[in-house]
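To start, the structure itself, in structure tokens.
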Amino acid sequence: MPQIDDAELFGNAEDQRAYEDFCANQEAVEKFTLDKPALICRWRMSNKKVPMLNRHIRALSERLVQGEPLTHNMLSWAKQHVEWSLAEGDYTAHDGVLMLVIDVNGNAAMTVGEYEPLADTSAKALRARSAEARSEADETGVAPELLAAVNNGELTFVAPTDECLCGTATLIEQLAQTKGIPVTRVDIPAQLKGALFLVSDEHGVVPATETDAADADAATVAFFADGYEKLRARR
């Protein structure tokens, strides 16, 4: 997947100055309470970094706030602010969750908190989370969590065919391609069959507790989970 760098976001001195002004404004925004949140992104961290930052920023570029795409300045600020703030920040949750909040006025702030695993990973609970994420996607264009399944060696996401996948889902899709696993999409969870799991920017790959670990399709889900954790473990 191509990386987003500053050259893509501004390519001349005027744009650079505008970006610097934007950054100064965002630093001021973080010193007071934001307005009503319009978008909240939760990205898992590892060793004071967000391992899939470029994937998350790519998905962020496809999201909408109040029906409008985020500005180039906002995307560049988010990427650089994450890198700088996490590296230099004084906090204890080095393997926690970074939360990016953008309010209805287009202002943004970031914070870091401890990671809390899902207490309920039953199929019912995962379906409920994916339904909530689908409602978010109806407003912002990208679901932060997706329900998926592996059936007879084929990976299926519950997502419209033309929708941009969240950062973690793009990783799972790429892992499937490296193994020659077909990838399809369906419109509703009821169409899923096989080993069910949740794909989440915050929680990674979460198999449903009802999944039979000895099943071949469950082994494929375990392969996805292992690939995700290996990426997180890189230093």
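By order in the structure tokens, chains are A, B, ...; within a chain, residues start at 1; ligands start at 1, following the order shown.
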### Task
From a DSSP pass on the backbone, collect the residues of region 2-235 of chain A flagged as strand (DSSP E) and hand them back as number ranges by chain.
A: 37-44, 64-65, 68-69, 97-103, 108-113, 145-151, 154-158, 183-186, 195-200, 204-207
Using N, CA and C atoms, can you write the selected residues to a file as a short mmCIF file (atom, residue, chain, number, x, y, z; two decimals), in the first residue's frame?
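And here is the file that came out, part-v1.cif:
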data_model
loop_
_atom_site.label_atom_id
_atom_site.label_comp_id
_atom_site.auth_asym_id
_atom_site.auth_seq_id
_atom_site.Cartn_x
_atom_site.Cartn_y
_atom_site.Cartn_z
N PRO A 37 -18.22 15.67 19.17
CA PRO A 37 -17.41 14.83 18.27
C PRO A 37 -18.20 14.41 17.03
N ALA A 38 -17.56 14.51 15.88
CA ALA A 38 -18.16 14.04 14.64
C ALA A 38 -17.49 12.76 14.16
N LEU A 39 -16.26 12.53 14.63
CA LEU A 39 -15.51 11.35 14.23
C LEU A 39 -14.54 10.99 15.35
N ILE A 40 -14.52 9.72 15.74
CA ILE A 40 -13.58 9.24 16.73
C ILE A 40 -12.89 8.00 16.18
N CYS A 41 -11.57 8.07 16.08
CA CYS A 41 -10.78 6.93 15.61
C CYS A 41 -9.98 6.38 16.77
N ARG A 42 -9.97 5.06 16.92
CA ARG A 42 -9.19 4.40 17.97
C ARG A 42 -8.20 3.44 17.30
N TRP A 43 -6.92 3.74 17.45
CA TRP A 43 -5.88 2.96 16.79
C TRP A 43 -4.97 2.32 17.83
N ARG A 44 -4.77 1.02 17.72
CA ARG A 44 -3.94 0.29 18.68
C ARG A 44 -2.47 0.68 18.52
N LEU A 64 -15.53 11.02 6.14
CA LEU A 64 -16.23 12.30 6.02
C LEU A 64 -16.58 12.84 7.40
N VAL A 65 -16.51 14.16 7.54
CA VAL A 65 -16.96 14.85 8.75
C VAL A 65 -17.97 15.89 8.32
N GLU A 68 -18.23 16.17 4.60
CA GLU A 68 -17.11 16.68 3.82
C GLU A 68 -15.84 15.87 4.12
N PRO A 69 -14.99 15.67 3.11
CA PRO A 69 -13.73 14.97 3.36
C PRO A 69 -12.80 15.84 4.20
N VAL A 97 -3.98 2.61 23.37
CA VAL A 97 -4.82 2.99 22.23
C VAL A 97 -4.73 4.50 22.04
N LEU A 98 -4.44 4.91 20.83
CA LEU A 98 -4.47 6.33 20.51
C LEU A 98 -5.87 6.68 20.00
N MET A 99 -6.43 7.75 20.54
CA MET A 99 -7.76 8.19 20.12
C MET A 99 -7.66 9.55 19.46
N LEU A 100 -8.10 9.62 18.23
CA LEU A 100 -8.16 10.87 17.47
C LEU A 100 -9.62 11.31 17.42
N VAL A 101 -9.88 12.52 17.90
CA VAL A 101 -11.24 13.05 17.93
C VAL A 101 -11.31 14.29 17.03
N ILE A 102 -12.25 14.30 16.12
CA ILE A 102 -12.50 15.46 15.26
C ILE A 102 -13.92 15.92 15.52
N ASP A 103 -14.08 17.21 15.88
CA ASP A 103 -15.41 17.68 16.23
C ASP A 103 -16.17 18.21 15.02
N ALA A 108 -9.45 19.14 15.88
CA ALA A 108 -9.04 17.79 16.28
C ALA A 108 -8.15 17.82 17.50
N ALA A 109 -8.16 16.70 18.21
CA ALA A 109 -7.27 16.50 19.35
C ALA A 109 -6.98 15.01 19.46
N MET A 110 -5.88 14.69 20.15
CA MET A 110 -5.50 13.30 20.33
C MET A 110 -5.24 13.02 21.81
N THR A 111 -5.46 11.78 22.19
CA THR A 111 -5.15 11.35 23.55
C THR A 111 -4.78 9.88 23.52
N VAL A 112 -4.12 9.42 24.57
CA VAL A 112 -3.68 8.03 24.66
C VAL A 112 -4.24 7.42 25.94
N GLY A 113 -4.74 6.19 25.83
CA GLY A 113 -5.26 5.50 27.00
C GLY A 113 -4.84 4.04 27.01
N GLU A 145 -14.75 -1.08 12.40
CA GLU A 145 -14.78 -2.50 12.70
C GLU A 145 -15.67 -3.20 11.68
N LEU A 146 -15.25 -4.40 11.27
CA LEU A 146 -16.00 -5.17 10.28
C LEU A 146 -16.19 -6.59 10.75
N LEU A 147 -17.35 -7.15 10.46
CA LEU A 147 -17.55 -8.57 10.68
C LEU A 147 -17.03 -9.30 9.45
N ALA A 148 -16.36 -10.42 9.68
CA ALA A 148 -15.80 -11.20 8.58
C ALA A 148 -15.88 -12.68 8.91
N ALA A 149 -15.64 -13.50 7.92
CA ALA A 149 -15.65 -14.94 8.14
C ALA A 149 -14.80 -15.62 7.08
N VAL A 150 -14.27 -16.78 7.44
CA VAL A 150 -13.58 -17.64 6.48
C VAL A 150 -14.42 -18.89 6.31
N ASN A 151 -14.79 -19.19 5.09
CA ASN A 151 -15.62 -20.36 4.81
C ASN A 151 -15.06 -21.10 3.60
N GLU A 154 -12.29 -19.27 1.87
CA GLU A 154 -12.57 -17.97 1.27
C GLU A 154 -12.87 -16.95 2.35
N LEU A 155 -12.24 -15.77 2.26
CA LEU A 155 -12.45 -14.68 3.22
C LEU A 155 -13.55 -13.76 2.73
N THR A 156 -14.49 -13.45 3.63
CA THR A 156 -15.60 -12.56 3.28
C THR A 156 -15.74 -11.47 4.33
N PHE A 157 -15.80 -10.23 3.87
CA PHE A 157 -16.08 -9.07 4.73
C PHE A 157 -17.54 -8.65 4.55
N VAL A 158 -18.14 -8.15 5.62
CA VAL A 158 -19.45 -7.51 5.51
C VAL A 158 -19.20 -6.03 5.25
N VAL A 183 -10.96 -13.21 -1.72
CA VAL A 183 -11.58 -12.22 -0.84
C VAL A 183 -12.85 -11.70 -1.50
N THR A 184 -13.96 -11.78 -0.79
CA THR A 184 -15.24 -11.29 -1.30
C THR A 184 -15.90 -10.40 -0.25
N ARG A 185 -17.01 -9.79 -0.64
CA ARG A 185 -17.78 -8.97 0.30
C ARG A 185 -19.26 -9.33 0.17
N VAL A 186 -19.98 -9.19 1.28
CA VAL A 186 -21.43 -9.36 1.28
C VAL A 186 -22.05 -8.14 1.96
N ALA A 195 -16.04 -19.64 9.87
CA ALA A 195 -15.39 -19.16 11.09
C ALA A 195 -15.52 -17.64 11.18
N LEU A 196 -16.33 -17.19 12.11
CA LEU A 196 -16.66 -15.77 12.25
C LEU A 196 -15.60 -15.04 13.08
N PHE A 197 -15.28 -13.79 12.69
CA PHE A 197 -14.36 -12.97 13.48
C PHE A 197 -14.61 -11.49 13.21
N LEU A 198 -14.11 -10.67 14.13
CA LEU A 198 -14.21 -9.21 14.00
C LEU A 198 -12.86 -8.67 13.59
N VAL A 199 -12.87 -7.71 12.68
CA VAL A 199 -11.66 -7.00 12.28
C VAL A 199 -11.80 -5.57 12.79
N SER A 200 -10.87 -5.13 13.63
CA SER A 200 -11.02 -3.86 14.33
C SER A 200 -9.73 -3.08 14.37
N GLY A 204 -7.85 -5.42 16.65
CA GLY A 204 -7.20 -6.33 15.73
C GLY A 204 -8.13 -7.41 15.21
N VAL A 205 -7.70 -8.66 15.28
CA VAL A 205 -8.49 -9.80 14.82
C VAL A 205 -9.06 -10.52 16.03
N VAL A 206 -10.39 -10.58 16.12
CA VAL A 206 -11.05 -11.17 17.29
C VAL A 206 -11.96 -12.31 16.84
N PRO A 207 -11.52 -13.56 16.98
CA PRO A 207 -12.37 -14.70 16.61
C PRO A 207 -13.55 -14.84 17.58
#
### Task
Apply DSSP to the structure's backbone, then extract all residues of region 38-88 of chain A labelled helix (DSSP H, G or I) and return them as number ranges by chain.
A: 53-60, 72-88
Please produce a file of the residues just selected, as a short mmCIF file (atom, residue, chain, number, x, y, z; two decimals), in the first residue's frame, where the atoms kept are N, CA, C and O atoms.
data_model
loop_
_atom_site.label_atom_id
_atom_site.label_comp_id
_atom_site.auth_asym_id
_atom_site.auth_seq_id
_atom_site.Cartn_x
_atom_site.Cartn_y
_atom_site.Cartn_z
N LEU A 53 0.09 3.01 11.01
CA LEU A 53 -0.30 4.41 10.87
C LEU A 53 -0.62 4.79 9.43
O LEU A 53 -1.62 5.46 9.17
N ASN A 54 0.21 4.37 8.48
CA ASN A 54 -0.05 4.75 7.09
C ASN A 54 -1.36 4.17 6.58
O ASN A 54 -2.09 4.82 5.82
N ARG A 55 -1.68 2.96 7.00
CA ARG A 55 -2.96 2.36 6.62
C ARG A 55 -4.12 3.15 7.24
O ARG A 55 -5.13 3.41 6.58
N HIS A 56 -3.98 3.53 8.50
CA HIS A 56 -5.03 4.29 9.17
C HIS A 56 -5.21 5.67 8.53
O HIS A 56 -6.35 6.14 8.37
N ILE A 57 -4.11 6.32 8.19
CA ILE A 57 -4.21 7.64 7.56
C ILE A 57 -4.86 7.53 6.19
O ILE A 57 -5.66 8.38 5.78
N ARG A 58 -4.53 6.46 5.47
CA ARG A 58 -5.16 6.25 4.16
C ARG A 58 -6.67 6.11 4.31
O ARG A 58 -7.45 6.70 3.56
N ALA A 59 -7.11 5.33 5.30
CA ALA A 59 -8.54 5.17 5.54
C ALA A 59 -9.16 6.48 6.03
O ALA A 59 -10.29 6.82 5.67
N LEU A 60 -8.40 7.22 6.86
CA LEU A 60 -8.88 8.50 7.35
C LEU A 60 -9.14 9.47 6.21
O LEU A 60 -10.09 10.27 6.25
N HIS A 72 -6.34 18.26 3.41
CA HIS A 72 -4.98 17.77 3.32
C HIS A 72 -4.18 18.18 4.56
O HIS A 72 -3.35 17.40 5.06
N ASN A 73 -4.41 19.39 5.03
CA ASN A 73 -3.70 19.85 6.22
C ASN A 73 -4.03 18.98 7.43
O ASN A 73 -3.15 18.65 8.23
N MET A 74 -5.30 18.63 7.59
CA MET A 74 -5.70 17.80 8.71
C MET A 74 -5.03 16.43 8.64
O MET A 74 -4.53 15.91 9.65
N LEU A 75 -4.99 15.83 7.46
CA LEU A 75 -4.37 14.52 7.30
C LEU A 75 -2.88 14.56 7.61
O LEU A 75 -2.34 13.69 8.30
N SER A 76 -2.20 15.59 7.12
CA SER A 76 -0.77 15.72 7.37
C SER A 76 -0.51 15.99 8.85
O SER A 76 0.42 15.43 9.44
N TRP A 77 -1.33 16.84 9.45
CA TRP A 77 -1.19 17.12 10.88
C TRP A 77 -1.37 15.85 11.69
O TRP A 77 -0.59 15.57 12.61
N ALA A 78 -2.40 15.08 11.36
CA ALA A 78 -2.67 13.86 12.11
C ALA A 78 -1.48 12.90 12.05
O ALA A 78 -1.05 12.36 13.06
N LYS A 79 -0.95 12.70 10.86
CA LYS A 79 0.16 11.77 10.70
C LYS A 79 1.40 12.23 11.48
O LYS A 79 1.99 11.47 12.24
N GLN A 80 1.78 13.49 11.29
CA GLN A 80 2.98 13.98 11.95
C GLN A 80 2.78 14.13 13.46
O GLN A 80 3.69 13.85 14.25
N HIS A 81 1.58 14.54 13.86
CA HIS A 81 1.33 14.73 15.28
C HIS A 81 1.38 13.39 16.02
O HIS A 81 1.89 13.32 17.15
N VAL A 82 0.86 12.35 15.39
CA VAL A 82 0.93 11.02 16.00
C VAL A 82 2.39 10.61 16.17
O VAL A 82 2.81 10.18 17.25
N GLU A 83 3.16 10.73 15.11
CA GLU A 83 4.56 10.31 15.17
C GLU A 83 5.34 11.08 16.22
O GLU A 83 6.06 10.50 17.03
N TRP A 84 5.21 12.39 16.21
CA TRP A 84 5.99 13.22 17.13
C TRP A 84 5.51 13.09 18.57
O TRP A 84 6.30 12.91 19.49
N SER A 85 4.20 13.20 18.76
CA SER A 85 3.65 13.20 20.12
C SER A 85 3.87 11.87 20.82
O SER A 85 4.21 11.85 22.01
N LEU A 86 3.68 10.76 20.11
CA LEU A 86 3.87 9.47 20.74
C LEU A 86 5.33 9.23 21.08
O LEU A 86 5.66 8.66 22.13
N ALA A 87 6.22 9.66 20.21
CA ALA A 87 7.65 9.44 20.45
C ALA A 87 8.16 10.27 21.62
O ALA A 87 8.99 9.80 22.41
N GLU A 88 7.67 11.50 21.75
CA GLU A 88 8.19 12.42 22.76
C GLU A 88 7.31 12.57 23.98
O GLU A 88 7.72 13.15 24.99
#
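Summary of the local environment: counting only C-alpha atoms, residues at most 9 Å from region 132-136 of chain A, other than itself and those fewer than 4 positions away along its chain, are Leu39, Arg127, Ala128, Thr140, Gly141, Val142, Ala143, Pro144, Glu145, Leu146 and Ala159 of chain A.
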### Query
Looking at only C-alpha atoms, which of A:Thr209, A:Thr92, A:Thr161, A:Thr220 is the one that sits closest to Ala125 (chain A)?
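Among the listed residues, A:Thr209 lies closest to Ala125 (chain A).
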#### Entry: Selection near Tyr115 (chain A), 9 Å with only C-alpha atoms, sequence-local residues under 3 positions removed, as a list in words
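What passes the distance filter is Arg44, Met45, Ala93, Asp95, Gly96, Val97, Glu202 and His203 of chain A.
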## Note on the structure
CA of Ala190 (chain A) sits from CA of Arg129 (chain A) at a separation of 14.7 Å
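Across the structure, CA of Asn107 (chain A) and CA of Gly89 (chain A) are spaced 20.8 Å apart.
For the pair CA of Ala119 (chain A) and CA of His94 (chain A), the separation is 21.4 Å.
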